[in-house]
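Have a look at model.txt below; it lists compact mmCIF, C-alpha atoms.
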# COMPACT_ATOMS: atom_id res chain seq x y z
CA MET A 1 151.31 25.12 -79.58
CA PRO A 2 153.64 26.25 -82.37
CA ARG A 3 152.09 28.51 -85.00
CA ASP A 4 152.62 26.00 -87.84
CA LYS A 5 150.54 23.38 -85.95
CA VAL A 6 147.48 25.60 -85.38
CA ARG A 7 144.43 24.10 -87.00
CA PRO A 8 142.64 26.26 -89.57
CA TRP A 9 139.42 27.94 -88.46
CA THR A 10 136.29 26.02 -89.43
CA TRP A 11 132.74 27.14 -88.83
CA ASN A 12 130.21 24.89 -87.13
CA ALA A 13 126.76 25.44 -85.64
CA SER A 14 127.97 26.28 -82.12
CA ARG A 15 130.53 28.83 -83.37
CA GLU A 16 127.91 30.49 -85.60
CA LEU A 17 125.39 30.61 -82.75
CA ALA A 18 128.01 32.07 -80.42
CA ALA A 19 128.90 34.76 -83.00
CA GLN A 20 125.23 35.73 -83.35
CA LEU A 21 124.72 35.89 -79.58
CA VAL A 22 127.90 37.93 -79.04
CA ALA A 23 126.75 40.38 -81.73
CA ASP A 24 123.29 40.62 -80.14
CA LYS A 25 124.82 41.72 -76.78
CA GLN A 26 121.81 40.51 -74.79
CA LEU A 27 123.49 37.71 -72.81
CA THR A 28 126.58 37.36 -70.66
CA ASN A 29 129.59 35.39 -71.89
CA PHE A 30 128.71 32.57 -69.54
CA GLU A 31 125.15 32.35 -70.93
CA ILE A 32 126.40 32.50 -74.52
CA ALA A 33 128.91 29.72 -73.87
CA ARG A 34 126.22 27.59 -72.20
CA ARG A 35 123.85 28.01 -75.16
CA ALA A 36 126.62 27.24 -77.65
CA GLY A 37 127.59 24.15 -75.65
CA VAL A 38 131.16 25.22 -74.84
CA SER A 39 133.02 26.51 -71.81
CA ASP A 40 133.34 30.24 -71.19
CA SER A 41 137.13 29.98 -71.59
CA GLN A 42 136.60 28.37 -75.02
CA LEU A 43 134.29 31.25 -75.97
CA ASN A 44 136.96 33.73 -74.87
CA ARG A 45 139.50 31.95 -77.13
CA TRP A 46 137.04 32.14 -80.04
CA LYS A 47 136.61 35.86 -79.44
CA LEU A 48 140.36 36.31 -79.97
CA ALA A 49 140.21 34.64 -83.40
CA PRO A 50 140.05 37.17 -86.25
CA GLU A 51 137.55 35.01 -88.17
CA PHE A 52 135.15 35.01 -85.22
CA ALA A 53 135.54 38.75 -84.66
CA SER A 54 134.83 39.49 -88.33
CA ARG A 55 131.71 37.29 -88.25
CA VAL A 56 130.48 39.15 -85.13
CA THR A 57 131.06 42.43 -86.99
CA GLU A 58 129.05 41.08 -89.96
CA HIS A 59 126.16 40.15 -87.66
CA VAL A 60 126.20 43.61 -86.04
CA ALA A 61 126.05 45.22 -89.49
CA THR A 62 123.14 42.94 -90.44
CA PHE A 63 121.28 43.83 -87.23
CA ARG A 64 121.80 47.55 -87.87
CA ALA A 65 120.56 47.25 -91.44
CA SER A 66 117.44 45.36 -90.34
CA ILE A 67 116.70 47.91 -87.62
CA THR A 68 116.57 50.73 -90.17
CA THR A 69 114.06 48.83 -92.32
CA THR A 70 111.74 47.35 -89.67
CA GLY A 71 109.96 48.22 -86.45
CA LEU A 72 109.64 51.83 -85.34
CA ALA A 73 112.23 52.91 -87.90
CA ARG A 74 109.50 52.71 -90.54
CA ARG A 75 107.15 55.69 -90.62
CA GLU A 76 104.00 53.63 -91.18
CA ASN A 77 104.81 51.49 -88.12
CA ARG A 78 105.23 54.61 -85.95
CA ILE A 79 101.94 56.00 -87.24
CA ALA A 80 100.16 52.70 -86.59
CA ALA A 81 101.58 52.59 -83.05
CA LYS A 82 100.42 56.15 -82.36
CA LYS A 83 96.95 55.39 -83.74
CA ALA A 84 96.69 52.30 -81.55
CA ARG A 85 97.79 54.30 -78.49
CA ALA A 86 95.27 57.08 -79.26
CA ALA A 87 92.46 54.52 -79.71
CA ALA A 88 93.37 52.89 -76.38
CA LEU A 89 93.33 56.27 -74.63
CA ARG A 90 89.94 57.15 -76.14
CA ARG A 91 88.62 53.77 -74.99
CA VAL A 92 89.85 54.44 -71.43
CA ILE A 93 88.24 57.89 -71.44
CA ARG A 94 84.90 56.49 -72.63
CA GLN A 95 84.98 53.63 -70.13
CA ARG A 96 85.73 55.99 -67.25
CA ALA A 97 82.99 58.36 -68.33
CA GLU A 98 80.52 55.48 -68.46
CA ALA A 99 81.72 54.00 -65.17
CA TYR A 100 81.41 57.28 -63.29
CA GLY A 101 78.18 58.32 -65.04
CA HIS A 102 79.64 61.44 -66.62
CA GLY A 103 79.46 62.92 -70.09
CA GLU A 104 81.42 61.48 -72.96
CA PRO A 105 83.78 63.76 -74.94
CA GLN A 106 83.06 63.94 -78.65
CA TYR A 107 85.84 63.34 -81.18
CA ASN A 108 86.46 64.36 -84.75
CA PRO A 109 85.86 61.11 -86.68
CA VAL A 110 88.68 61.83 -89.13
CA THR A 111 91.49 63.01 -86.85
CA GLY A 112 90.38 61.51 -83.54
CA VAL A 113 91.01 64.84 -81.78
CA PRO A 114 88.47 65.93 -79.11
CA LEU A 115 86.03 68.55 -80.38
CA LEU A 116 86.34 71.87 -78.52
CA ASP A 117 83.73 74.54 -77.82
CA LYS A 118 84.73 77.64 -79.82
CA LYS A 119 83.89 80.08 -77.01
CA THR A 120 85.28 78.30 -73.95
CA ASN A 121 87.89 76.06 -75.65
CA ALA A 122 86.59 73.20 -73.47
CA PRO A 123 85.80 69.78 -74.92
CA ILE A 124 82.23 69.28 -76.09
CA VAL A 125 80.60 66.77 -73.74
CA VAL A 126 77.48 64.82 -74.63
CA PRO A 127 75.62 63.52 -71.57
CA ILE A 128 75.32 59.82 -71.02
CA PRO A 129 71.68 59.00 -70.19
CA GLY A 130 71.23 59.15 -66.42
CA GLY A 131 74.75 60.57 -65.94
CA ASP A 132 76.19 63.82 -64.66
CA THR A 133 77.86 66.13 -67.20
CA GLY A 134 79.88 68.00 -64.57
CA MET A 135 83.04 66.09 -65.42
CA TRP A 136 84.90 65.48 -68.64
CA CYS A 137 88.16 63.81 -69.55
CA GLY A 138 90.78 65.81 -71.37
CA SER A 139 93.65 68.18 -70.70
CA LEU A 140 92.26 71.48 -69.30
CA ALA A 141 90.73 72.87 -66.05
CA ARG A 142 91.26 71.58 -62.49
CA PRO A 143 92.07 67.90 -61.97
CA ALA A 144 89.47 65.80 -60.19
CA PHE A 145 91.44 62.56 -60.55
CA SER A 146 94.19 61.37 -62.85
CA SER A 147 96.30 58.43 -63.94
CA LEU A 148 99.24 57.82 -66.23
CA SER A 149 97.05 57.62 -69.32
CA THR A 150 94.48 60.41 -68.91
CA ALA A 151 92.98 62.86 -66.48
CA CYS A 152 89.35 63.71 -65.73
CA TYR A 153 88.44 67.24 -64.66
CA TRP A 154 85.59 69.22 -63.14
CA ARG A 155 84.28 71.65 -65.68
CA SER A 156 84.61 75.25 -64.47

How would this structure read if it were set down as structure tokens?
Amino acid sequence: MPRDKVRPWTWNASRELAAQLVADKQLTNFEIARRAGVSDSQLNRWKLAPEFASRVTEHVATFRASITTTGLARRENRIAAKKARAAALRRVIRQRAEAYGHGEPQYNPVTGVPLLDKKTNAPIVVPIPGGDTGMWCGSLARPAFSSLSTACYWRS
């Protein structure tokens, strides 16, 4: 088609959706074209248009800006995630101690860090009624059993 007969670029919902999906880089071209309701060859022609490419670049810049202000990029979100992970690990340790009838490690109520005996540097273990205090869960001594989240040890 001669250059003077090329229709001017106009934005519609399918072109805008395709630009967002191309910028997101989560789907293949075929999947993007299917969601936008066009053929993959049509999507490839759109990608060659400077207007489409500039809109994709705008979307990428918007995504980058939002990433730096949300999610794990924010300090308070990272702290909250770490606190939630620490609480989950403490819950697993307590549940295992109760399930196996062993002592329960004591934690500092402010920091959540296990309390250590000053002489032996081993966690302070309070017996569970009717349980054995020969095991504790933590990070020292010889492993008795372990998993991805924590390890329980025989106290030396």

What is the atom CA of A:Ala73 to atom CA of A:Ala88 distance in Å?
22.1 Å

Please report the interatomic distance between atom CA of A:Ala23 and atom CA of A:Asp40 in Å with one decimal.
16.0 Å

Determine, counting only C-alpha atoms, which protein, DNA and RNA residues have an atom within 12 Å of an atom of A:Ala18; residues of the same chain fewer than 4 positions away are not included. Present the result as a PyMOL selection string.
chain A and resi 11-14+22-40+42-47+52-53+55-56+59

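The interatomic distance for the pair atom CA of A:Leu115 and atom CA of A:Lys83 works out to 17.4 Å.
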